[in-house]
Structures are given as C-alpha cells and as structure tokens.
file final06.cif (mmCIF, C-alpha atoms)
data_data
loop_
_atom_site.label_atom_id
_atom_site.label_comp_id
_atom_site.auth_asym_id
_atom_site.auth_seq_id
_atom_site.Cartn_x
_atom_site.Cartn_y
_atom_site.Cartn_z
CA MET A 109 57.58 71.00 93.74
CA VAL A 110 58.70 70.86 97.35
CA HIS A 111 57.40 73.86 99.25
CA GLU A 112 60.21 75.96 100.67
CA LYS A 113 58.97 75.51 104.24
CA ASP A 114 59.77 71.81 103.81
CA ILE A 115 63.49 72.57 103.40
CA SER A 116 65.44 70.64 106.02
CA THR A 117 66.07 72.55 109.23
CA ASP A 118 69.71 71.49 108.80
CA ARG A 119 69.92 73.79 105.77
CA ARG A 120 70.31 77.47 106.63
CA ILE A 121 68.21 80.05 104.80
CA ALA A 122 70.51 82.80 103.51
CA LEU A 123 69.46 86.04 101.82
CA ILE A 124 72.16 87.75 99.76
CA THR A 125 71.19 91.20 98.51
CA GLY A 126 72.44 92.35 95.13
CA ALA A 127 73.28 88.77 94.18
CA SER A 128 72.52 88.60 90.46
CA ARG A 129 76.17 89.21 89.58
CA GLY A 130 79.66 89.79 90.91
CA ILE A 131 80.42 89.43 94.61
CA GLY A 132 76.84 88.64 95.59
CA ALA A 133 76.46 85.92 92.98
CA ASP A 134 79.75 84.27 93.95
CA THR A 135 78.80 84.46 97.64
CA ALA A 136 75.51 82.73 96.83
CA ARG A 137 77.31 79.98 94.92
CA ILE A 138 79.78 79.39 97.75
CA LEU A 139 77.13 79.31 100.49
CA ALA A 140 74.95 76.97 98.42
CA ALA A 141 77.91 74.64 97.84
CA ARG A 142 78.35 74.55 101.62
CA GLY A 143 74.76 73.45 102.13
CA ASP A 144 72.71 76.64 102.57
CA HIS A 145 69.54 77.47 100.71
CA VAL A 146 70.36 80.83 99.15
CA ILE A 147 67.89 83.51 98.18
CA VAL A 148 69.36 85.44 95.25
CA ASN A 149 68.05 89.00 95.55
CA TYR A 150 68.03 91.21 92.48
CA ARG A 151 66.72 94.67 91.66
CA GLU A 152 65.93 94.48 87.93
CA LYS A 153 67.85 91.62 86.32
CA ARG A 154 65.49 88.73 86.95
CA ARG A 155 66.90 86.59 84.14
CA ARG A 156 70.44 87.04 85.39
CA ALA A 157 69.39 86.13 88.95
CA GLN A 158 67.53 83.07 87.67
CA THR A 159 70.66 81.99 85.81
CA VAL A 160 72.63 82.15 89.07
CA ALA A 161 69.96 80.11 90.86
CA ASP A 162 69.78 77.59 88.02
CA GLU A 163 73.56 77.15 88.09
CA ILE A 164 73.39 76.48 91.81
CA THR A 165 70.64 73.89 91.53
CA ALA A 166 72.36 72.23 88.57
CA ALA A 167 75.42 71.82 90.79
CA GLY A 168 73.32 70.13 93.45
CA GLY A 169 72.63 73.18 95.62
CA SER A 170 69.41 74.85 96.71
CA ALA A 171 68.44 78.36 95.58
CA SER A 172 65.54 80.66 94.81
CA ILE A 173 65.28 84.23 93.58
CA ALA A 174 63.58 87.30 95.06
CA GLY A 175 63.27 90.61 93.26
CA ALA A 176 63.30 93.82 95.29
CA ASP A 177 64.93 97.22 95.21
CA VAL A 178 66.07 97.24 98.83
CA SER A 179 66.25 101.04 98.82
CA ASP A 180 62.46 101.12 98.38
CA GLU A 181 60.68 100.59 101.69
CA THR A 182 57.61 98.94 100.16
CA ALA A 183 59.76 96.54 98.15
CA ALA A 184 61.94 95.73 101.17
CA ARG A 185 58.89 94.95 103.29
CA ALA A 186 57.51 92.72 100.57
CA LEU A 187 60.85 90.93 100.28
CA ILE A 188 60.94 90.04 103.97
CA ALA A 189 57.23 89.18 104.03
CA GLY A 190 57.83 86.81 101.15
CA ILE A 191 60.68 85.11 102.99
CA ALA A 192 58.50 84.78 106.10
CA ASP A 193 55.72 83.18 104.07
CA ARG A 194 57.95 80.86 102.03
CA PHE A 195 60.54 79.83 104.60
CA GLY A 196 59.38 80.95 108.03
CA ARG A 197 62.86 82.05 109.08
CA LEU A 198 66.10 83.70 107.98
CA ASP A 199 69.42 82.40 109.30
CA VAL A 200 71.88 84.53 107.30
CA LEU A 201 71.55 88.07 105.98
CA VAL A 202 74.36 89.22 103.69
CA LEU A 203 74.06 92.97 103.10
CA ASN A 204 75.90 93.18 99.79
CA ALA A 205 73.75 95.53 97.68
CA SER A 206 75.14 99.06 97.40
CA GLY A 207 75.29 101.95 94.97
CA GLY A 208 76.01 105.60 94.42
CA LEU A 209 77.85 105.89 91.10
CA GLU A 210 74.80 105.35 88.90
CA ARG A 211 74.11 107.98 86.27
CA ASP A 212 71.20 110.33 86.98
CA ALA A 213 70.86 109.01 90.55
CA ALA A 214 69.23 111.37 93.03
CA ALA A 215 71.58 113.39 95.20
CA ASP A 216 70.62 111.41 98.30
CA TYR A 217 70.65 107.99 96.65
CA ALA A 218 74.01 106.89 98.04
CA MET A 219 72.86 107.49 101.62
CA SER A 220 69.49 105.94 100.86
CA ILE A 221 70.93 102.66 99.58
CA ASN A 222 74.10 102.38 101.66
CA ARG A 223 72.77 103.47 105.05
CA ASP A 224 69.00 103.71 105.23
CA ALA A 225 68.26 100.57 103.21
CA GLN A 226 70.76 98.45 105.15
CA LEU A 227 69.38 99.48 108.52
CA ARG A 228 65.75 99.14 107.44
CA LEU A 229 66.22 95.69 105.91
CA THR A 230 68.03 94.49 109.01
CA ARG A 231 65.27 95.71 111.29
CA LEU A 232 62.64 94.10 109.07
CA ALA A 233 64.52 90.81 109.06
CA LEU A 234 65.22 90.57 112.80
CA PRO A 235 61.85 89.00 113.75
CA LEU A 236 62.65 86.12 111.38
CA MET A 237 66.19 85.56 112.64
CA PRO A 238 66.68 82.94 115.37
CA SER A 239 69.43 82.87 117.96
CA GLY A 240 72.65 81.97 116.20
CA ALA A 241 71.73 83.85 113.03
CA ARG A 242 74.40 85.90 111.27
CA ILE A 243 74.42 89.32 109.59
CA VAL A 244 77.32 90.26 107.30
CA PHE A 245 77.79 93.83 106.11
CA VAL A 246 79.93 94.11 102.98
CA THR A 247 82.02 97.26 102.64
CA SER A 248 85.30 98.64 101.31
CA HIS A 249 88.44 99.91 103.00
CA GLN A 250 87.77 103.33 101.47
CA ALA A 251 84.43 103.36 103.30
CA HIS A 252 85.48 101.55 106.48
CA PHE A 253 88.38 103.98 107.03
CA HIS A 254 86.43 107.02 105.82
CA GLY A 255 87.61 110.14 107.59
CA ARG A 256 90.98 108.57 108.34
CA LYS A 257 92.32 107.86 104.86
CA PRO A 258 92.04 109.77 101.53
CA VAL A 259 89.21 108.74 99.21
CA PRO A 260 88.96 109.32 95.44
CA ALA A 261 86.56 112.22 94.85
CA ASP A 262 84.22 110.13 92.70
CA TYR A 263 83.96 107.52 95.44
CA GLU A 264 83.39 109.99 98.30
CA PRO A 265 79.54 109.72 98.35
CA ILE A 266 79.77 105.94 98.52
CA ALA A 267 82.51 105.93 101.15
CA ALA A 268 80.68 108.39 103.41
CA SER A 269 77.32 106.63 103.09
CA LYS A 270 78.67 103.11 103.54
CA ARG A 271 80.57 104.24 106.64
CA ALA A 272 77.29 105.72 107.90
CA GLY A 273 75.59 102.40 107.17
CA GLU A 274 78.26 100.48 109.07
CA ASP A 275 77.94 102.84 112.03
CA ALA A 276 74.15 102.43 112.05
CA LEU A 277 74.46 98.65 112.09
CA ARG A 278 77.12 98.70 114.79
CA ALA A 279 74.72 100.71 116.93
CA LEU A 280 72.41 97.68 116.81
CA ILE A 281 74.98 95.31 118.34
CA PRO A 282 73.52 95.48 121.89
CA GLU A 283 70.06 94.65 120.55
CA LEU A 284 71.45 91.90 118.33
CA ALA A 285 73.22 90.43 121.36
CA THR A 286 69.95 90.06 123.23
CA ARG A 287 68.68 88.03 120.27
CA GLY A 288 71.84 85.93 119.95
CA ILE A 289 72.60 87.38 116.50
CA THR A 290 76.14 88.23 115.38
CA LEU A 291 77.16 91.08 113.07
CA THR A 292 80.37 90.79 111.07
CA VAL A 293 81.80 93.45 108.75
CA VAL A 294 83.83 92.32 105.73
CA SER A 295 85.94 95.13 104.29
CA GLY A 296 87.92 94.86 101.09
CA ASP A 297 90.26 96.86 98.93
CA MET A 298 88.95 97.65 95.46
CA ILE A 299 87.85 94.26 94.13
CA ASP A 300 89.03 93.42 90.64
CA GLY A 301 86.22 92.87 88.15
CA THR A 302 83.42 94.56 90.10
CA ILE A 303 81.10 97.15 88.61
CA ILE A 304 82.36 99.77 91.08
CA VAL A 305 85.94 99.39 89.85
CA ARG A 306 84.81 99.50 86.21
CA LEU A 307 82.83 102.69 86.84
CA LEU A 308 85.75 104.28 88.66
CA GLU A 309 88.09 103.36 85.81
CA ARG A 310 85.84 105.33 83.46
CA ARG A 311 85.54 108.36 85.72
CA ASN A 312 88.92 108.41 87.44
CA PRO A 313 91.32 105.79 86.08
CA ASP A 314 94.21 107.18 88.13
CA ALA A 315 92.36 106.25 91.34
CA VAL A 316 92.26 102.59 90.33
CA THR A 317 95.82 102.62 89.01
CA THR A 318 97.00 104.01 92.33
CA ARG A 319 95.42 101.11 94.17
CA ARG A 320 96.93 98.60 91.75
CA ASP A 321 100.36 100.13 92.33
CA HIS A 322 100.21 98.79 95.89
CA GLY A 323 99.76 95.22 94.65
CA PRO A 324 97.21 92.96 92.96
CA LEU A 325 93.62 93.74 93.87
CA PRO A 326 91.63 90.95 95.52
CA THR A 327 89.45 88.94 93.15
CA ILE A 328 85.69 88.57 93.37
CA GLU A 329 86.12 84.92 94.35
CA GLU A 330 88.55 85.76 97.15
CA PHE A 331 86.27 88.42 98.56
CA ALA A 332 83.13 86.28 98.22
CA THR A 333 84.87 83.44 100.04
CA ALA A 334 85.68 85.79 102.93
CA ILE A 335 82.03 86.86 103.08
CA ALA A 336 80.85 83.26 103.10
CA ASP A 337 83.39 82.38 105.79
CA ALA A 338 82.08 85.27 107.92
CA THR A 339 78.67 83.59 108.14
CA THR A 340 80.13 80.78 110.25
CA ALA A 341 83.37 82.06 111.81
CA PRO A 342 83.30 82.07 115.64
CA THR A 343 83.94 85.79 116.14
CA GLU A 344 82.57 88.45 118.44
CA SER A 345 79.80 90.65 117.11
CA GLY A 346 81.29 93.71 115.44
CA HIS A 347 84.43 91.94 114.26
CA THR A 348 85.88 93.21 110.98
CA VAL A 349 87.50 90.94 108.39
CA TYR A 350 89.97 92.73 106.11
CA ILE A 351 90.75 91.54 102.59
CA GLY A 352 93.65 93.11 100.65
CA GLY A 353 94.97 96.65 100.94
CA ASN A 354 97.86 96.01 103.28
CA ASP A 355 98.92 99.65 102.94
CA TYR A 356 95.59 100.71 104.45
CA LEU A 357 95.93 98.27 107.31
CA ALA A 358 99.53 99.23 108.03
CA SER A 359 98.86 102.94 108.38
CA ALA A 360 95.23 103.39 109.44
CA TRP A 361 94.30 103.42 113.11
CA THR A 362 91.10 101.70 114.14
CA ASP A 363 88.94 101.93 117.22
CA GLU A 364 87.93 98.27 117.04
CA LYS A 365 88.94 95.71 119.65
CA GLU A 366 90.57 93.20 117.37
CA PRO A 367 93.68 93.77 115.24
CA ALA A 368 93.40 93.85 111.48
CA SER A 369 93.21 90.33 110.14
#

call {"tool": "encode", "arguments": {"input": "final06.cif", "output": "structure tokens"}}
result
Amino acid sequence: MVHEKDISTDRRIALITGASRGIGADTARILAARGDHVIVNYREKRRRAQTVADEITAAGGSASIAGADVSDETAARALIAGIADRFGRLDVLVLNASGGLERDAAADYAMSINRDAQLRLTRLALPLMPSGARIVFVTSHQAHFHGRKPVPADYEPIAASKRAGEDALRALIPELATRGITLTVVSGDMIDGTIIVRLLERRNPDAVTTRRDHGPLPTIEEFATAIADATTAPTESGHTVYIGGNDYLASAWTDEKEPAS
C-alpha cells in the first residue's frame, strides 16, 4: 500500500466532516472526481463511510476514512493528529457536520456541535494548512439570516448555534489572512433529502411545506456541487454563496460586502 504521505503534491488533501452520507458524502465524491484526496469523516457509521470511500476509489479517485465525533475535543485532536501523521498537511477543510435535532441530546449540544466544535477544529487544523488552503463552512439560510428572518421553532436551536458558529469563524478572518487561508460560507435553503429536512417533516411538517411552497428545494447534489466549487472559486475571504431560497435573498438585508449570488 502506498503511504498517504506519498500522495502527489498536486493532489489536495481535503477533510469533509460528517461525510458518511448526504451532503458530505456527495461533496467528497465531487472533490475526489476533481482530483483531491478526500478524508471521509464519520462519527459512528464506519461501514457507511468506508462504502463512500470504496465508491470513490472504484471510480478512480483517492479517499480514506477517519472516525471522530468532532464535538468531542479529544476525538477532534486525535483526528487532526492523525491527518498530520498520515498526510503532513491539510489543503481543504469542509465544515459540514452539524446537529441539534437528535433525540435525547443535551440542552447545549446544538451550540457544542455547531459553534464550539467548528471553531475548535479550525484552530486545530490551522497549523497543517498552507497558504492557499481553503475553509468552507456549510450552513442554511435559516441560520445565516437568524435574527432577521422567522425560523421554525423546532429549528431555532440549530439556527442560533450555526449563526454563532459562522460568526466565530468570521472573527478568524484577519488571522486566516495572515496565513493566506480563505474562508467561504455556503448557505442553502432546506435541502431536499437531507436528514434535517426528514426530521423537521416529522416534527413540524408545515415548516417544510411552507418552504416548498416557494419553489423546489435544492437537491443534495446541487448543494454539494456549490460546496465543492467554493474550495477553488477566486473569492474574498468571508464571501457567502447562496443556494436556493430566492424569497430569503429578495427580502433579507445582509451586512456582507458582496450581493447575494
């Protein structure tokens, strides 16, 4: 077996958190098809993550798996230490893992996974990230515009905590700039077929129906493609890419430099 440190320097090393299914898995497939070596992070579903990696390698791509609950500090440190040992660098960090609707979750879990874990993992990864590296934070319009647009009650903890996570990462932009690292935020409407939408449909089906009334929801593939594109697009750090939800974009004011796109 070729040791991972022998991977060509022309191939970027990309970590995608929460990549054993859904948006993360599709993002991994797309980045691998474009030539990156993708690290498929998973929390519990090792077999599912291995299936994603096997599909990628069978298609001619390069992939490996790495188990870690990123909300656990010890596990997050071990994840980054493993990447340092196996690859020696990290060129792309896609912060896709999130949560907050799980049954029996602790009251502070949403903030722990959606803010604290994102910031901690980023800080841990920075020493491995060379100039030109990219960080992509994956969020939703309901979170990105939190405080400016109504949010379904069941989604409120996620929206508030993911907005807090985005704010924490944006506060790092000056430091990232000194390292030559770019942060991009990719914000989407409810994404058809994701676990979040399925959970919301069980708890509050009217909330999902209301979103569908404004038009078709973006698909997982469409959203994953936007995330993958964000790892190479020549944009300023802090730029936000918007996918779907034209009603949000038409009526919400933003304090960002660039117009909604």

call {"tool": "closest_residue", "arguments": {"input": "final06.cif", "among": "A:Ala338, A:Met219, A:Ala122, A:Leu232", "to": "Ala186 (chain A)", "atoms": "all atoms listed in the file"}}
result
A:Leu232

call {"tool": "closest_residue", "arguments": {"input": "final06.cif", "among": "A:Ala157, A:Val246, A:Leu187, A:Leu291", "to": "Ala133 (chain A)", "atoms": "only C-alpha atoms"}}
result
A:Ala157

call {"tool": "residues_around", "arguments": {"input": "final06.cif", "residues": "region 167-179 of chain A", "least_positions_apart": "5", "cutoff": "8 Å", "atoms": "all atoms listed in the file", "output": "list in words"}}
result
Thr125, Ala140, Ala141, Gly143, Asp144, His145, Val146, Ile147, Val148, Asn149, Tyr150, Arg151, Glu152, Arg154, Ala157, Gln158, Ala161, Asp162, Ala184, Ala186, Leu187, Ala205, Ser220, Ile221, Asp224, Ala225, Gln226 and Leu229 of chain A

call {"tool": "atom_distance", "arguments": {"input": "final06.cif", "atom1": "CA of Ala267 (chain A)", "atom2": "CA of Leu284 (chain A)"}}
result
24.8 Å

call {"tool": "residues_near_point", "arguments": {"input": "final06.cif", "point": "(68.0, 83.7, 114.1)", "cutoff": "8 Å", "atoms": "all atoms listed in the file", "output": "list in words"}}
result
Arg197, Leu198, Asp199, Val200, Leu234, Leu236, Met237, Pro238, Ser239, Gly240, Ala241, Arg242, Arg287, Gly288 and Ile289 of chain A

call {"tool": "write_last_selection", "arguments": {"input": "final06.cif", "atoms": "C-alpha atoms", "output": "PDB file, in the frame of the given file"}}
result
ATOM      1  CA  ARG A 197      62.860  82.050 109.080  1.00  0.00           C
ATOM      2  CA  LEU A 198      66.100  83.700 107.980  1.00  0.00           C
ATOM      3  CA  ASP A 199      69.420  82.400 109.300  1.00  0.00           C
ATOM      4  CA  VAL A 200      71.880  84.530 107.300  1.00  0.00           C
ATOM      5  CA  LEU A 234      65.220  90.570 112.800  1.00  0.00           C
ATOM      6  CA  LEU A 236      62.650  86.120 111.380  1.00  0.00           C
ATOM      7  CA  MET A 237      66.190  85.560 112.640  1.00  0.00           C
ATOM      8  CA  PRO A 238      66.680  82.940 115.370  1.00  0.00           C
ATOM      9  CA  SER A 239      69.430  82.870 117.960  1.00  0.00           C
ATOM     10  CA  GLY A 240      72.650  81.970 116.200  1.00  0.00           C
ATOM     11  CA  ALA A 241      71.730  83.850 113.030  1.00  0.00           C
ATOM     12  CA  ARG A 242      74.400  85.900 111.270  1.00  0.00           C
ATOM     13  CA  ARG A 287      68.680  88.030 120.270  1.00  0.00           C
ATOM     14  CA  GLY A 288      71.840  85.930 119.950  1.00  0.00           C
ATOM     15  CA  ILE A 289      72.600  87.380 116.500  1.00  0.00           C
TER      16      ILE A 289
END

call {"tool": "closest_residue", "arguments": {"input": "final06.cif", "among": "A:Lys257, A:Arg119, A:Arg271, A:His252", "to": "Val349 (chain A)", "atoms": "only C-alpha atoms"}}
result
A:His252

call {"tool": "residues_around", "arguments": {"input": "final06.cif", "residues": "Val202 (chain A)", "least_positions_apart": "2", "cutoff": "7 Å", "atoms": "only C-alpha atoms", "output": "mmCIF file with C-alpha atoms, in the coordinates of the input"}}
result
data_model
loop_
_atom_site.group_PDB
_atom_site.id
_atom_site.type_symbol
_atom_site.label_atom_id
_atom_site.label_comp_id
_atom_site.auth_asym_id
_atom_site.auth_seq_id
_atom_site.Cartn_x
_atom_site.Cartn_y
_atom_site.Cartn_z
ATOM 1 C CA LEU A 123 69.460 86.040 101.820
ATOM 2 C CA ILE A 124 72.160 87.750 99.760
ATOM 3 C CA THR A 125 71.190 91.200 98.510
ATOM 4 C CA VAL A 200 71.880 84.530 107.300
ATOM 5 C CA ASN A 204 75.900 93.180 99.790
ATOM 6 C CA ILE A 243 74.420 89.320 109.590
ATOM 7 C CA VAL A 244 77.320 90.260 107.300
ATOM 8 C CA PHE A 245 77.790 93.830 106.110
#

call {"tool": "closest_residue", "arguments": {"input": "final06.cif", "among": "A:Ala332, A:Ala218, A:Ala183, A:Ala341", "to": "Ala268 (chain A)", "atoms": "all atoms listed in the file"}}
result
A:Ala218

call {"tool": "closest_residue", "arguments": {"input": "final06.cif", "among": "A:Gly273, A:Gly296, A:Gly346, A:Pro258", "to": "Thr230 (chain A)", "atoms": "only C-alpha atoms"}}
result
A:Gly273

call {"tool": "atom_distance", "arguments": {"input": "final06.cif", "atom1": "CA of Asp275 (chain A)", "atom2": "CA of Leu227 (chain A)"}}
result
9.8 Å

call {"tool": "atom_distance", "arguments": {"input": "final06.cif", "atom1": "CA of Arg120 (chain A)", "atom2": "CA of Ser248 (chain A)"}}
result
26.5 Å

call {"tool": "closest_residue", "arguments": {"input": "final06.cif", "among": "A:Thr247, A:Thr290, A:Thr165, A:Asn354", "to": "Ser269 (chain A)", "atoms": "only C-alpha atoms"}}
result
A:Thr247

call {"tool": "resolve_selection", "arguments": {"input": "final06.cif", "expression": "the PyMOL selection byres ((chain A and resi 350) around 10)", "output": "MDAnalysis selection string"}}
result
chainID A and resid 247:249 252 293:297 331 334 347:349 351:354 356:357 367:369

call {"tool": "resolve_selection", "arguments": {"input": "final06.cif", "expression": "the PyMOL selection byres ((chain A and resi 328) around 12)", "output": "number ranges by chain"}}
result
A: 129-135, 138, 296-305, 325-327, 329-335, 351-352

call {"tool": "build_atoms", "arguments": {"input": "final06.cif", "residues": "region 235-246 of chain A", "atoms": "all heavy atoms", "output": "CSV table (one decimal), in the frame of the given file"}}
result
chain,number,residue,atom,x,y,z
A,235,PRO,N,62.8,89.9,113.2
A,235,PRO,CA,61.8,89.0,113.8
A,235,PRO,C,61.9,87.6,113.2
A,235,PRO,O,61.4,86.6,113.8
A,235,PRO,CB,60.5,89.7,113.4
A,235,PRO,CG,60.8,91.1,113.3
A,235,PRO,CD,62.2,91.1,112.7
A,236,LEU,N,62.5,87.4,112.0
A,236,LEU,CA,62.6,86.1,111.4
A,236,LEU,C,63.9,85.4,111.8
A,236,LEU,O,64.1,84.2,111.4
A,236,LEU,CB,62.6,86.3,109.8
A,236,LEU,CG,61.3,86.6,109.2
A,236,LEU,CD1,61.5,86.6,107.7
A,236,LEU,CD2,60.2,85.7,109.5
A,237,MET,N,64.8,86.1,112.4
A,237,MET,CA,66.2,85.6,112.6
A,237,MET,C,66.3,84.9,114.0
A,237,MET,O,66.1,85.6,115.0
A,237,MET,CB,67.2,86.7,112.4
A,237,MET,CG,67.1,87.3,111.1
A,237,MET,SD,68.5,88.5,110.7
A,237,MET,CE,69.8,87.3,110.3
A,238,PRO,N,66.6,83.6,114.1
A,238,PRO,CA,66.7,82.9,115.4
A,238,PRO,C,68.0,83.2,116.0
A,238,PRO,O,68.9,83.7,115.4
A,238,PRO,CB,66.6,81.5,115.0
A,238,PRO,CG,67.2,81.4,113.6
A,238,PRO,CD,66.8,82.7,112.9
A,239,SER,N,68.1,82.8,117.3
A,239,SER,CA,69.4,82.9,118.0
A,239,SER,C,70.4,82.0,117.2
A,239,SER,O,70.1,80.9,116.7
A,239,SER,CB,69.3,82.3,119.4
A,239,SER,OG,70.5,82.4,120.0
A,240,GLY,N,71.6,82.6,117.0
A,240,GLY,CA,72.6,82.0,116.2
A,240,GLY,C,72.7,82.5,114.8
A,240,GLY,O,73.6,82.1,114.0
A,241,ALA,N,71.7,83.3,114.4
A,241,ALA,CA,71.7,83.8,113.0
A,241,ALA,C,72.9,84.8,112.8
A,241,ALA,O,73.5,85.3,113.8
A,241,ALA,CB,70.4,84.6,112.7
A,242,ARG,N,73.2,85.1,111.6
A,242,ARG,CA,74.4,85.9,111.3
A,242,ARG,C,74.0,87.0,110.3
A,242,ARG,O,73.3,86.7,109.3
A,242,ARG,CB,75.5,85.1,110.7
A,242,ARG,CG,75.9,83.8,111.5
A,242,ARG,CD,76.5,84.2,112.8
A,242,ARG,NE,77.8,84.8,112.7
A,242,ARG,CZ,78.9,84.1,112.9
A,242,ARG,NH1,78.9,82.8,113.2
A,242,ARG,NH2,80.1,84.7,112.8
A,243,ILE,N,74.6,88.2,110.5
A,243,ILE,CA,74.4,89.3,109.6
A,243,ILE,C,75.8,89.7,109.1
A,243,ILE,O,76.7,89.8,110.0
A,243,ILE,CB,73.7,90.5,110.3
A,243,ILE,CG1,72.3,90.2,110.7
A,243,ILE,CG2,73.7,91.7,109.3
A,243,ILE,CD1,71.7,91.2,111.6
A,244,VAL,N,76.0,89.9,107.8
A,244,VAL,CA,77.3,90.3,107.3
A,244,VAL,C,77.1,91.5,106.5
A,244,VAL,O,76.3,91.5,105.5
A,244,VAL,CB,77.9,89.2,106.4
A,244,VAL,CG1,79.3,89.6,105.9
A,244,VAL,CG2,78.1,87.9,107.2
A,245,PHE,N,77.8,92.6,106.8
A,245,PHE,CA,77.8,93.8,106.1
A,245,PHE,C,79.0,93.9,105.2
A,245,PHE,O,80.2,93.8,105.7
A,245,PHE,CB,77.7,95.0,107.1
A,245,PHE,CG,77.7,96.4,106.4
A,245,PHE,CD1,76.6,96.8,105.6
A,245,PHE,CD2,78.8,97.2,106.5
A,245,PHE,CE1,76.6,98.0,105.0
A,245,PHE,CE2,78.8,98.5,105.9
A,245,PHE,CZ,77.7,98.9,105.1
A,246,VAL,N,78.8,94.1,103.9
A,246,VAL,CA,79.9,94.1,103.0
A,246,VAL,C,80.3,95.6,102.7
A,246,VAL,O,79.5,96.4,102.3
A,246,VAL,CB,79.5,93.4,101.7
A,246,VAL,CG1,80.7,93.4,100.7
A,246,VAL,CG2,79.1,92.0,102.0
